[in-house]
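Peer 1: Have a peek at structure-v1.txt (compact mmCIF, C-alpha atoms and all ligand atoms).
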# COMPACT_ATOMS: atom_id res chain seq x y z
CA MET T 1 141.67 166.07 124.10
CA LYS T 2 139.02 163.38 124.01
CA ARG T 3 138.62 162.95 127.73
CA LEU T 4 135.28 161.74 128.94
CA LEU T 5 135.29 163.73 132.11
CA ILE T 6 132.17 163.51 134.18
CA ILE T 7 131.57 166.57 136.28
CA THR T 8 130.96 165.24 139.76
CA LEU T 9 129.30 167.13 142.53
CA CYS T 10 131.58 165.95 145.29
CA LEU T 11 133.74 168.76 146.55
CA PHE T 12 136.93 168.21 148.48
CA ALA T 13 138.17 171.08 150.58
CA ALA T 14 141.48 172.22 149.13
CA PHE T 15 142.96 172.93 152.48
CA GLY T 16 144.11 169.61 153.79
CA ALA T 17 143.40 167.65 150.57
CA ARG T 18 146.45 165.42 150.52
CA ALA T 19 147.52 162.05 149.26
CA ASP T 20 150.81 160.33 149.97
CA ARG T 21 150.22 157.27 147.84
CA VAL T 22 147.64 156.26 145.26
CA ARG T 23 146.50 152.98 143.77
CA VAL T 24 146.31 153.00 139.98
CA ARG T 25 144.97 150.22 137.79
CA LEU T 26 147.47 149.52 134.98
CA TYR T 27 146.63 148.40 131.44
CA SER T 28 143.00 149.11 132.28
CA PRO T 29 141.62 148.82 128.72
CA ASN T 30 143.41 145.48 128.13
CA THR T 31 142.44 141.89 128.83
CA ILE T 32 145.41 140.21 130.50
CA SER T 33 145.79 136.51 131.20
CA THR T 34 149.59 136.16 131.35
CA LEU T 35 152.08 138.58 132.86
CA ASN T 36 155.85 138.68 133.21
CA VAL T 37 157.43 141.03 135.74
CA SER T 38 161.16 141.69 135.83
CA PHE T 39 163.16 144.13 137.91
CA ASP T 40 165.08 147.09 136.55
CA LEU T 41 166.24 148.38 139.88
CA GLY T 42 166.15 147.38 143.54
CA ASN T 43 164.79 144.39 145.39
CA TYR T 44 161.25 143.37 146.19
CA ASN T 45 159.44 141.16 148.64
CA LEU T 46 156.92 138.81 147.08
CA TYR T 47 153.70 138.20 149.01
CA ALA T 48 151.12 135.61 147.96
CA ASP T 49 147.65 135.71 149.57
CA ASP T 50 149.16 138.16 152.11
CA ASN T 51 151.88 135.71 153.21
CA LEU T 52 155.52 136.48 152.58
CA LEU T 53 156.75 134.06 149.91
CA LEU T 54 160.15 135.49 149.01
CA GLU T 55 161.96 138.10 151.07
CA ASP T 56 164.29 140.67 149.53
CA MET T 57 165.14 138.22 146.80
CA VAL T 58 163.19 139.01 143.72
CA GLY T 59 165.69 141.51 142.34
CA GLU T 60 167.60 142.10 139.14
CA GLY T 61 168.08 139.03 136.99
CA ARG T 62 164.88 137.42 138.23
CA SER T 63 161.42 137.40 136.78
CA VAL T 64 157.98 136.50 138.05
CA LEU T 65 155.53 134.83 135.69
CA VAL T 66 151.83 134.98 136.54
CA ARG T 67 149.24 133.02 134.55
CA ALA T 68 145.48 133.08 135.04
CA GLU T 69 144.31 129.48 135.29
CA ASP T 70 140.92 128.24 136.56
CA LYS T 71 140.31 131.56 138.32
CA MET T 72 143.60 131.32 140.25
CA LEU T 73 147.01 132.94 139.75
CA HIS T 74 149.63 130.40 138.81
CA VAL T 75 152.95 131.86 139.97
CA SER T 76 156.50 130.91 139.03
CA VAL T 77 159.79 132.68 139.69
CA ASN T 78 162.62 132.00 137.23
CA ASP T 79 160.83 128.83 136.08
CA ASP T 80 160.40 127.51 139.66
CA ASP T 81 156.75 126.79 140.30
CA TYR T 82 155.42 128.42 143.48
CA GLY T 83 151.80 127.30 143.30
CA ARG T 84 148.35 128.87 142.88
CA PHE T 85 147.03 131.89 144.73
CA SER T 86 144.20 134.45 144.69
CA SER T 87 146.49 137.48 144.73
CA ILE T 88 150.16 138.43 144.84
CA ARG T 89 151.93 141.62 145.85
CA LEU T 90 155.43 142.79 144.94
CA GLU T 91 156.55 145.23 147.58
CA ALA T 92 159.54 147.50 146.95
CA VAL T 93 162.19 147.27 149.65
CA ASP T 94 163.23 150.93 149.20
CA SER T 95 161.98 154.02 147.35
CA ALA T 96 164.13 153.67 144.22
CA CYS T 97 162.80 150.34 142.94
CA ILE T 98 161.65 149.97 139.35
CA LEU T 99 159.47 147.19 137.93
CA CYS T 100 159.33 146.17 134.30
CA ILE T 101 155.82 144.93 133.48
CA ASN T 102 155.20 142.86 130.39
CA PRO T 103 151.68 141.47 129.88
CA GLU T 104 151.24 139.11 126.96
CA GLY T 105 150.05 140.98 123.87
CA CYS T 106 150.78 144.45 125.31
CA LYS T 107 153.71 146.85 125.22
CA GLN T 108 156.17 146.63 128.07
CA ARG T 109 156.14 149.47 130.60
CA THR T 110 158.15 150.39 133.67
CA TYR T 111 156.83 151.74 136.95
CA GLU T 112 158.11 152.69 140.37
CA GLY T 113 156.40 151.46 143.53
CA ASN T 114 154.56 148.27 144.44
CA LEU T 115 152.46 146.03 142.25
CA GLU T 116 149.42 143.99 143.18
CA VAL T 117 147.97 141.31 140.88
CA ARG T 118 144.50 139.96 141.58
CA MET T 119 142.08 137.65 139.85
CA GLN T 120 139.00 139.32 138.35
CA PRO T 121 135.60 137.60 138.29
CA SER T 122 136.07 137.36 134.50
CA GLY T 123 139.08 135.09 135.03
CA ASN T 124 141.58 137.74 133.85
CA LEU T 125 144.30 139.53 135.78
CA LEU T 126 143.84 142.89 137.48
CA LEU T 127 147.06 144.90 137.89
CA VAL T 128 147.19 147.70 140.47
CA ALA T 129 150.24 149.85 141.14
CA ASP T 130 150.64 151.38 144.59
CA VAL T 131 152.78 154.45 144.00
CA ASP T 132 153.92 157.69 145.64
CA PHE T 133 151.41 160.41 144.69
CA GLU T 134 153.88 162.86 143.14
CA THR T 135 155.67 160.06 141.27
CA TYR T 136 152.26 159.21 139.79
CA ILE T 137 151.72 162.87 138.84
CA ALA T 138 155.11 162.95 137.05
CA GLY T 139 154.12 159.85 135.05
CA VAL T 140 150.78 161.46 134.16
CA VAL T 141 152.45 164.69 133.00
CA GLN T 142 154.81 162.70 130.77
CA SER T 143 151.82 160.83 129.28
CA GLU T 144 149.51 163.81 128.87
CA ILE T 145 151.53 166.66 127.32
CA TYR T 146 154.41 167.37 124.99
CA GLY T 147 156.64 170.41 125.15
CA GLN T 148 160.07 171.60 126.09
CA GLN T 149 159.70 174.32 128.70
CA SER T 150 159.54 173.38 132.35
CA ASP T 151 156.59 175.77 132.94
CA ILE T 152 154.35 173.71 130.66
CA PHE T 153 155.11 170.65 132.79
CA ARG T 154 154.49 172.72 135.90
CA ILE T 155 151.06 173.77 134.57
CA GLN T 156 150.12 170.20 133.60
CA ALA T 157 151.32 168.95 137.00
CA ILE T 158 149.09 171.48 138.82
CA ILE T 159 146.07 170.53 136.69
CA SER T 160 146.67 166.80 137.07
CA ARG T 161 147.31 167.07 140.82
CA THR T 162 144.14 169.13 141.33
CA TRP T 163 142.09 166.64 139.33
CA ALA T 164 143.58 163.67 141.19
CA LEU T 165 143.01 165.14 144.66
CA ARG T 166 139.43 166.05 143.79
CA ASN T 167 138.73 162.62 142.30
CA LEU T 168 140.54 160.31 144.74
CA GLY T 169 137.36 158.27 145.18
CA LYS T 170 136.61 157.86 141.48
CA HIS T 171 137.25 154.09 141.44
CA ALA T 172 136.69 153.47 145.16
CA ALA T 173 134.16 150.73 144.41
CA ASP T 174 136.77 148.92 142.29
CA GLY T 175 139.42 148.95 145.03
CA TYR T 176 141.75 151.55 143.54
CA ASN T 177 141.88 155.33 143.03
CA PHE T 178 142.36 155.73 139.29
CA CYS T 179 142.65 153.82 136.05
CA ASP T 180 145.62 154.59 133.76
CA HIS T 181 143.46 155.53 130.80
CA VAL T 182 141.90 158.80 129.61
CA HIS T 183 138.78 157.98 131.65
CA CYS T 184 140.92 159.21 134.57
CA GLN T 185 144.37 160.42 133.47
CA ALA T 186 146.84 158.65 131.16
CA TYR T 187 149.66 157.04 133.16
CA LEU T 188 151.56 155.07 130.58
CA ASN T 189 155.01 154.74 132.09
CA ARG T 190 157.15 156.00 134.92
CA CYS T 191 158.52 159.48 134.27
CA ILE T 192 162.01 159.25 132.79
CA ARG T 193 162.45 162.89 131.79
CA PRO T 194 164.35 165.09 134.24
CA ASP T 195 162.72 168.28 132.86
CA ILE T 196 159.26 166.88 133.63
CA MET T 197 160.34 165.83 137.13
CA MET T 198 161.65 169.36 137.63
CA GLY T 199 158.27 170.83 136.59
CA VAL T 200 156.52 168.53 139.06
CA VAL T 201 158.88 169.47 141.88
CA GLN T 202 158.53 173.20 141.13
CA SER T 203 154.75 172.85 141.40
CA SER T 204 154.86 170.80 144.56
CA GLY T 205 151.93 171.63 146.85
CA GLU T 206 150.20 173.77 144.20
CA THR T 207 146.55 173.18 143.34
CA ILE T 208 143.76 175.24 141.75
CA VAL T 209 140.81 176.29 143.89
CA ASP T 210 137.67 178.41 143.49
CA ALA T 211 136.82 181.53 145.48
CA GLU T 212 135.59 179.35 148.40
CA GLY T 213 138.82 177.35 148.48
CA ASN T 214 137.39 174.17 146.94
CA LEU T 215 139.45 172.22 144.45
CA ILE T 216 138.06 172.83 140.97
CA GLU T 217 137.48 170.43 138.07
CA THR T 218 140.36 170.94 135.64
CA PRO T 219 139.41 169.55 132.23
CA PHE T 220 141.81 170.13 129.38
CA HIS T 221 141.97 169.40 125.68
CA SER T 222 144.45 169.50 122.84
CA ASN T 223 143.50 172.78 121.12
CA SER T 224 140.52 175.14 121.54
CA GLY T 225 140.65 176.40 117.93
CA GLY T 226 140.59 180.02 119.12
CA GLN T 227 137.74 179.94 121.65
CA THR T 228 137.14 177.61 124.57
CA ALA T 229 133.69 176.18 125.41
CA ASN T 230 131.39 176.59 128.42
CA SER T 231 131.18 173.47 130.58
CA GLU T 232 127.37 173.26 130.18
CA ASP T 233 127.72 173.29 126.38
CA VAL T 234 129.57 169.97 126.57
CA TRP T 235 128.47 168.42 129.87
CA ARG T 236 125.56 169.15 132.20
CA SER T 237 126.91 171.48 134.88
CA ALA T 238 127.56 175.16 134.38
CA LEU T 239 130.69 175.81 136.44
CA PRO T 240 131.69 179.43 137.03
CA TYR T 241 135.37 178.78 136.30
CA LEU T 242 134.76 176.83 133.06
CA ARG T 243 133.64 179.73 130.87
CA SER T 244 134.13 180.20 127.15
CA VAL T 245 137.07 182.56 126.56
CA GLU T 246 138.69 183.93 123.42
CA ASP T 247 141.93 182.02 122.93
CA THR T 248 144.11 183.36 120.12
CA PHE T 249 147.07 181.46 121.63
CA SER T 250 145.62 178.25 120.19
CA LEU T 251 145.73 179.58 116.61
CA HIS T 252 148.47 178.51 114.17
CA MET T 253 149.39 175.47 116.21
CA ARG T 254 149.55 171.85 115.12
CA GLN T 255 145.92 171.04 115.93
CA SER T 256 144.42 174.49 115.18
CA ASP T 257 142.53 173.59 112.01
CA TRP T 258 141.02 170.58 110.32
CA VAL T 259 138.99 169.83 107.20
CA LYS T 260 136.65 166.95 106.53
CA THR T 261 134.73 166.30 103.33
CA ILE T 262 131.45 164.36 103.34
CA SER T 263 129.03 163.82 100.47
CA ILE T 264 125.96 166.07 100.60
CA ASP T 265 123.75 162.98 100.59
CA ARG T 266 125.46 161.47 103.63
CA TRP T 267 125.45 164.77 105.54
CA LEU T 268 121.73 165.32 105.00
CA ALA T 269 120.85 161.64 105.52
CA TYR T 270 122.57 161.75 108.91
CA PHE T 271 120.24 164.54 110.12
CA SER T 272 117.23 162.96 108.50
CA LYS T 273 117.72 159.41 109.82
CA THR T 274 119.33 160.06 113.19
CA HIS T 275 117.61 163.30 114.17
CA LYS T 276 114.38 163.12 112.12
CA LEU T 277 114.87 166.51 110.46
CA ASN T 278 112.77 167.13 107.34
CA ILE T 279 115.52 167.62 104.77
CA LYS T 280 112.97 168.11 101.99
CA ASP T 281 112.17 171.47 103.57
CA THR T 282 114.33 174.05 101.76
CA ALA T 283 114.89 176.14 104.88
CA VAL T 284 116.15 173.08 106.80
CA ARG T 285 118.45 172.03 103.94
CA ASP T 286 119.83 175.55 103.63
CA SER T 287 120.56 175.76 107.34
CA LEU T 288 122.35 172.41 107.31
CA LEU T 289 124.36 173.20 104.18
CA HIS T 290 125.38 176.73 105.16
CA PHE T 291 125.97 176.41 108.88
CA ALA T 292 128.60 178.85 110.18
CA GLN T 293 130.33 179.42 113.50
CA PRO T 294 132.23 182.72 113.56
CA THR T 295 132.13 182.07 117.31
CA ARG T 296 131.26 178.77 119.01
CA ARG T 297 127.66 177.60 118.83
CA VAL T 298 126.05 174.74 120.73
CA ARG T 299 123.53 173.31 118.26
CA ILE T 300 122.90 172.90 114.56
CA MET T 301 119.16 172.95 113.78
CA GLY T 302 118.46 171.93 117.39
CA VAL T 303 120.91 169.00 117.32
CA PRO T 304 123.72 169.24 119.91
CA LEU T 305 127.06 169.67 118.15
CA THR T 306 128.64 167.38 120.75
CA ARG T 307 126.42 164.58 119.40
CA VAL T 308 127.35 165.38 115.77
CA ARG T 309 131.03 165.35 116.75
CA VAL T 310 130.81 161.85 118.27
CA ASP T 311 128.60 160.37 115.52
CA LEU T 312 130.70 161.70 112.64
CA LYS T 313 134.06 161.35 114.44
CA LEU T 314 134.95 165.04 114.11
CA LYS T 315 137.97 166.55 115.88
CA SER T 316 135.85 169.32 117.45
CA THR T 317 132.37 170.88 117.47
CA PHE T 318 133.80 174.21 116.27
CA PHE T 319 133.27 173.95 112.49
CA SER T 320 131.47 175.61 109.60
CA VAL T 321 129.92 174.01 106.52
CA GLU T 322 130.56 174.86 102.86
CA VAL T 323 129.09 173.24 99.78
CA ASP T 324 131.25 172.08 96.89
CA SER T 325 128.74 171.68 94.08
CA THR T 326 131.29 170.19 91.66
CA THR T 327 131.87 167.16 93.86
CA GLN T 328 128.43 167.25 95.50
CA SER T 329 130.06 167.35 98.91
CA VAL T 330 130.05 169.44 102.05
CA ILE T 331 133.39 170.65 103.37
CA LEU T 332 133.53 170.93 107.15
CA ARG T 333 136.20 173.47 108.11
CA GLY T 334 136.95 173.05 111.77
CA HIS T 335 139.07 174.57 114.49
CA GLY T 336 140.80 172.87 117.39
CA TYR T 337 140.90 169.34 118.72
CA GLY T 338 138.98 168.05 121.71
CA HIS T 339 135.96 169.09 123.77
CA GLY T 340 137.17 172.68 124.16
CA VAL T 341 136.45 173.06 127.91
CA GLY T 342 139.13 174.37 130.29
CA LEU T 343 142.78 174.52 129.33
CA SER T 344 143.95 174.23 125.73
CA GLN T 345 147.28 172.41 125.90
CA GLU T 346 148.63 173.88 122.69
CA GLY T 347 147.41 177.33 123.73
CA ALA T 348 149.25 176.90 127.03
CA ILE T 349 152.40 175.76 125.20
CA ARG T 350 152.21 178.92 123.06
CA MET T 351 151.64 181.17 126.10
CA VAL T 352 154.61 179.69 127.93
CA GLY T 353 156.69 180.12 124.75
CA LEU T 354 155.74 183.81 124.76
CA GLY T 355 157.06 184.14 128.29
CA ILE T 356 153.67 184.37 130.02
CA ALA T 357 153.85 183.25 133.65
CA TYR T 358 152.41 179.81 134.47
CA ASP T 359 149.84 181.20 136.94
CA SER T 360 148.54 183.67 134.32
CA VAL T 361 148.13 180.76 131.88
CA ILE T 362 146.05 178.90 134.45
CA ARG T 363 143.89 181.97 135.15
CA HIS T 364 143.36 182.52 131.40
CA TYR T 365 141.73 179.12 131.02
CA TYR T 366 140.04 178.71 134.44
CA THR T 367 138.06 181.92 135.03
CA GLY T 368 138.47 183.34 138.53
CA ALA T 369 140.61 180.39 139.64
CA VAL T 370 143.03 180.81 142.51
CA LEU T 371 146.36 179.06 142.79
CA HIS T 372 146.67 177.55 146.24
CA HIS T 373 150.06 176.63 147.65
CA ASP T 374 150.59 174.27 150.54
CA PRO T 375 154.34 174.37 151.23
CA SER T 376 154.20 171.36 153.53
CA ALA T 377 152.53 169.06 150.98
CA ASN T 378 154.52 166.29 149.36
CA GLY T 379 157.73 167.26 151.09
CA ALA T 380 158.99 163.70 150.88
CA TYR T 381 159.04 163.74 147.10
CA VAL T 382 160.93 167.03 146.98
CA GLU T 383 163.35 165.78 149.62
CA ASN T 384 164.09 162.57 147.73
CA TYR T 385 164.15 164.31 144.39
CA THR T 386 167.85 165.07 143.95
CA GLN T 387 169.01 161.65 144.98
CA HIS T 388 166.20 159.96 143.07
CA LEU T 389 166.89 161.91 139.89
CA ALA T 390 170.64 161.25 139.98
CA ARG T 391 169.97 157.56 140.37
CA ILE T 392 167.44 157.46 137.55
CA ILE T 393 169.77 159.28 135.16
CA GLU T 394 172.56 156.85 136.03
CA GLU T 395 170.28 153.85 135.59
CA ASP T 396 168.94 155.09 132.27
CA LYS T 397 172.49 155.60 131.02
CA ASN T 398 173.33 152.00 131.84
CA ARG T 399 170.09 150.46 130.72
CA GLN T 400 170.44 148.46 127.55
CA THR T 401 166.78 148.34 126.59
CA GLN T 402 165.02 151.68 126.89
CA THR T 403 161.26 151.52 127.17
CA HIS T 404 160.12 154.38 124.99
CA SER T 405 156.61 154.38 123.59
CA LYS T 406 155.88 155.12 119.94
CA LYS T 407 154.64 158.51 121.09
CA ASP T 408 158.04 159.27 122.63
CA ASP T 409 159.68 158.30 119.35
CA TRP T 410 157.43 160.62 117.37
CA LEU T 411 157.89 163.48 119.80
CA GLY T 412 161.64 163.01 119.66
CA ARG T 413 161.62 163.04 115.85
CA LEU T 414 159.33 166.03 115.60
CA PHE T 415 161.04 168.17 118.18
CA ARG T 416 164.52 167.52 116.81
CA LEU T 417 163.33 169.49 113.78
CA ARG T 418 163.88 173.09 114.75
CA ASP T 419 162.09 174.60 111.80
CA ARG T 420 158.35 174.71 112.37
CA GLU T 421 157.46 174.27 108.70
CA GLU T 422 159.71 171.25 108.41
CA ARG T 423 158.08 169.83 111.53
CA GLU T 424 154.63 170.40 110.01
CA GLU T 425 155.74 168.65 106.83
CA VAL T 426 156.97 165.56 108.67
CA TYR T 427 153.84 165.58 110.78
CA ILE T 428 151.51 165.77 107.76
CA GLU T 429 153.49 163.10 105.90
CA ASN T 430 153.12 160.69 108.80
CA GLN T 431 149.82 161.95 110.18
CA GLN T 432 148.04 158.65 109.87
CA ASP T 433 150.71 156.72 111.78
CA ILE T 434 151.08 159.40 114.43
CA GLU T 435 147.37 159.65 115.10
CA GLN T 436 147.06 155.89 115.18
CA ASP T 437 149.80 155.68 117.80
CA TRP T 438 148.31 158.52 119.83
CA GLU T 439 144.69 157.66 119.16
CA TYR T 440 143.58 156.66 122.60
CA GLU T 441 145.02 159.77 124.17
CA TRP T 442 143.19 162.35 122.08
ZN ZN Y 1 139.15 155.76 135.37
Starting from the file, give its structure as structure tokens.
Peer 2:
Amino acid sequence: MKRLLIITLCLFAAFGARADRVRVRLYSPNTISTLNVSFDLGNYNLYADDNLLLEDMVGEGRSVLVRAEDKMLHVSVNDDDYGRFSSIRLEAVDSACILCINPEGCKQRTYEGNLEVRMQPSGNLLLVADVDFETYIAGVVQSEIYGQQSDIFRIQAIISRTWALRNLGKHAADGYNFCDHVHCQAYLNRCIRPDIMMGVVQSSGETIVDAEGNLIETPFHSNSGGQTANSEDVWRSALPYLRSVEDTFSLHMRQSDWVKTISIDRWLAYFSKTHKLNIKDTAVRDSLLHFAQPTRRVRIMGVPLTRVRVDLKLKSTFFSVEVDSTTQSVILRGHGYGHGVGLSQEGAIRMVGLGIAYDSVIRHYYTGAVLHHDPSANGAYVENYTQHLARIIEEDKNRQTQTHSKKDDWLGRLFRLRDREEREEVYIENQQDIEQDWEYEW
């Protein structure tokens, strides 16, 4: 997975690392000047510049329109003009409220919790959700992984929770905890899948720590291609729990292998122009044209493979080079998808499918990691879970317009096909569309 994860040095002690609520910037990559908010469930109080404007009124059947105008928010409710403000806040009256957020030019999404809208210095709107921590984790799990078994959701929940608790201050200077993009963790909708919620509840209070009890960094990627990478081979820090391990579980999966063909001239010109290699030297040419990686390497002729991957838009750094003299091209035969550090999601899916316990999966990818369990953490979410879930299922049954993303549609289509080969066929046939729809997540 193409996650630009910066290894930070700040360490949070695992014991006592807790969060009840988090603030998450929504639609963070988008420029938003007009926003419509409607209400799928429950009632909200509307505050403008910290003063209560409408109490317990802005419920179903109403909508709030916010327009950025002359560096102020122009607010109307059901076409009634309420004036201009610097910020507004929609505060849920109880825990089961659901907002339907529809910025102009973007896809509609639904979220639980409160919503704050502020003016940015650029004159555009800043949207920040204030949401229960575990509800946020469930939304992240739904956005970050596919699968069918509850243990895979449990594993992703533990990884995402550990990352979130360790990185609570990531956007402190911006006034929120996380963005909703891959820079932090994807949070593209509220969780609507009961099996994912179940995985989150089962993992409640579980985090991953090192031998000293500190929360660890938990990077993950789509597929390791058969061997994961050391953290220092991709980023700067060598972390003892992010070691390269053999990973046969990632073989023969959807993202296990890739091929890319480039003309010999372009391949050599890239190293000559960008990295000043003397391609007229036969030894240099030979090394570039016959590069092989039976196991992962870090450089090709002194050039970091991570750089080559970014410049040439390759799925991974784990590739070998073959020459096709008939077409005067080089064929890059690659393995895996993503940076290769930490957990391979498809490898984990395979391990869970083989019946391997979720904690063993975690230990396979995070060397020497310890699973820490705090039974008292997030009790409120577990407590509310049954009631919450029943209500959500009922609401979803009655809802006329479901808010599925294109990714949900693809996953649904692919996973309805029981036969793996048939699934592969449909995937390959529609690869371009699928990857376009998923692009920003990988
Ligand atoms: Zn971020």
Peer 1: Excluding stretch 271-273 of chain T and any residue of its chain fewer than 6 positions from it, enumerate the residues within 10 Å of it, using all atoms listed in the file, and give them as a ChimeraX atom specification.
Peer 2: /T:279-280,285,288,300-301,303,308
Peer 1: With distances taken over all atoms listed in the file, which of T:Phe249, T:Tyr366, T:Phe318, T:Trp235 is nearest to T:Leu215?
Peer 2: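 Nearest to T:Leu215: T:Tyr366.
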Peer 1: Could you give me, as a ChimeraX atom specification, every polymer residue with an atom at most 7 Å away from an atom of ligand ZN 1 (chain Y), counting only C-alpha atoms and all ligand atoms?
Peer 2: /T:170-171,178-181,183-184
Peer 1: One number please: atom CA of T:Val323 to atom CA of T:Thr282, in Å, one decimal.
Peer 2: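 Interatomic distance, atom CA of T:Val323 to atom CA of T:Thr282: 14.9 Å.
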Peer 1: Counting all atoms listed in the file, figure out which residue out of T:Leu168, T:Val141, T:Val75, T:Ile158 gets nearest to T:Arg193.
Peer 2: T:Val141
Peer 1: Atom CA of T:Tyr44 and atom CA of T:Val131 are how many Å apart?
Peer 2: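 Separation between atom CA of T:Tyr44 and atom CA of T:Val131: 14.1 Å.
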Peer 1: Would you mind writing stretch 339-361 of chain T with N, CA and C atoms, as a PDB file, keeping the file's coordinate frame?
Peer 2:
ATOM      1  N   HIS T 339     137.260 168.551 123.342  1.00  0.00           N
ATOM      2  CA  HIS T 339     135.960 169.090 123.770  1.00  0.00           C
ATOM      3  C   HIS T 339     135.944 170.600 123.940  1.00  0.00           C
ATOM      4  N   GLY T 340     137.099 171.222 124.114  1.00  0.00           N
ATOM      5  CA  GLY T 340     137.170 172.680 124.160  1.00  0.00           C
ATOM      6  C   GLY T 340     136.974 173.303 125.537  1.00  0.00           C
ATOM      7  N   VAL T 341     136.714 172.482 126.575  1.00  0.00           N
ATOM      8  CA  VAL T 341     136.450 173.060 127.910  1.00  0.00           C
ATOM      9  C   VAL T 341     137.762 173.118 128.711  1.00  0.00           C
ATOM     10  N   GLY T 342     137.948 174.234 129.422  1.00  0.00           N
ATOM     11  CA  GLY T 342     139.130 174.370 130.290  1.00  0.00           C
ATOM     12  C   GLY T 342     140.377 174.719 129.499  1.00  0.00           C
ATOM     13  N   LEU T 343     141.500 174.131 129.918  1.00  0.00           N
ATOM     14  CA  LEU T 343     142.780 174.520 129.330  1.00  0.00           C
ATOM     15  C   LEU T 343     143.044 173.880 127.972  1.00  0.00           C
ATOM     16  N   SER T 344     143.502 174.714 127.047  1.00  0.00           N
ATOM     17  CA  SER T 344     143.950 174.230 125.730  1.00  0.00           C
ATOM     18  C   SER T 344     145.455 173.974 125.871  1.00  0.00           C
ATOM     19  N   GLN T 345     145.866 172.728 125.683  1.00  0.00           N
ATOM     20  CA  GLN T 345     147.280 172.410 125.900  1.00  0.00           C
ATOM     21  C   GLN T 345     148.180 173.149 124.916  1.00  0.00           C
ATOM     22  N   GLU T 346     147.779 173.185 123.646  1.00  0.00           N
ATOM     23  CA  GLU T 346     148.630 173.880 122.690  1.00  0.00           C
ATOM     24  C   GLU T 346     148.615 175.393 122.918  1.00  0.00           C
ATOM     25  N   GLY T 347     147.472 175.913 123.378  1.00  0.00           N
ATOM     26  CA  GLY T 347     147.410 177.330 123.730  1.00  0.00           C
ATOM     27  C   GLY T 347     148.356 177.630 124.893  1.00  0.00           C
ATOM     28  N   ALA T 348     148.366 176.727 125.865  1.00  0.00           N
ATOM     29  CA  ALA T 348     149.250 176.900 127.030  1.00  0.00           C
ATOM     30  C   ALA T 348     150.714 176.819 126.610  1.00  0.00           C
ATOM     31  N   ILE T 349     151.014 175.888 125.693  1.00  0.00           N
ATOM     32  CA  ILE T 349     152.400 175.760 125.200  1.00  0.00           C
ATOM     33  C   ILE T 349     152.828 177.072 124.529  1.00  0.00           C
ATOM     34  N   ARG T 350     151.916 177.651 123.749  1.00  0.00           N
ATOM     35  CA  ARG T 350     152.210 178.920 123.060  1.00  0.00           C
ATOM     36  C   ARG T 350     152.405 180.047 124.085  1.00  0.00           C
ATOM     37  N   MET T 351     151.538 180.102 125.094  1.00  0.00           N
ATOM     38  CA  MET T 351     151.640 181.170 126.100  1.00  0.00           C
ATOM     39  C   MET T 351     152.967 181.090 126.838  1.00  0.00           C
ATOM     40  N   VAL T 352     153.334 179.867 127.219  1.00  0.00           N
ATOM     41  CA  VAL T 352     154.610 179.690 127.930  1.00  0.00           C
ATOM     42  C   VAL T 352     155.760 180.101 127.014  1.00  0.00           C
ATOM     43  N   GLY T 353     155.652 179.744 125.723  1.00  0.00           N
ATOM     44  CA  GLY T 353     156.690 180.120 124.750  1.00  0.00           C
ATOM     45  C   GLY T 353     156.818 181.633 124.613  1.00  0.00           C
ATOM     46  N   LEU T 354     155.718 182.348 124.847  1.00  0.00           N
ATOM     47  CA  LEU T 354     155.740 183.810 124.760  1.00  0.00           C
ATOM     48  C   LEU T 354     156.228 184.449 126.060  1.00  0.00           C
ATOM     49  N   GLY T 355     156.525 183.621 127.027  1.00  0.00           N
ATOM     50  CA  GLY T 355     157.060 184.140 128.290  1.00  0.00           C
ATOM     51  C   GLY T 355     155.995 184.492 129.305  1.00  0.00           C
ATOM     52  N   ILE T 356     154.757 184.068 129.072  1.00  0.00           N
ATOM     53  CA  ILE T 356     153.670 184.370 130.020  1.00  0.00           C
ATOM     54  C   ILE T 356     153.794 183.439 131.236  1.00  0.00           C
ATOM     55  N   ALA T 357     153.640 184.009 132.415  1.00  0.00           N
ATOM     56  CA  ALA T 357     153.850 183.250 133.650  1.00  0.00           C
ATOM     57  C   ALA T 357     152.832 182.118 133.783  1.00  0.00           C
ATOM     58  N   TYR T 358     153.256 181.003 134.401  1.00  0.00           N
ATOM     59  CA  TYR T 358     152.410 179.810 134.470  1.00  0.00           C
ATOM     60  C   TYR T 358     151.088 180.082 135.187  1.00  0.00           C
ATOM     61  N   ASP T 359     151.091 180.951 136.221  1.00  0.00           N
ATOM     62  CA  ASP T 359     149.840 181.200 136.940  1.00  0.00           C
ATOM     63  C   ASP T 359     148.866 182.023 136.091  1.00  0.00           C
ATOM     64  N   SER T 360     149.410 182.894 135.213  1.00  0.00           N
ATOM     65  CA  SER T 360     148.540 183.670 134.320  1.00  0.00           C
ATOM     66  C   SER T 360     147.915 182.741 133.279  1.00  0.00           C
ATOM     67  N   VAL T 361     148.672 181.729 132.842  1.00  0.00           N
ATOM     68  CA  VAL T 361     148.130 180.760 131.880  1.00  0.00           C
ATOM     69  C   VAL T 361     146.947 180.045 132.514  1.00  0.00           C
TER      70      VAL T 361
END
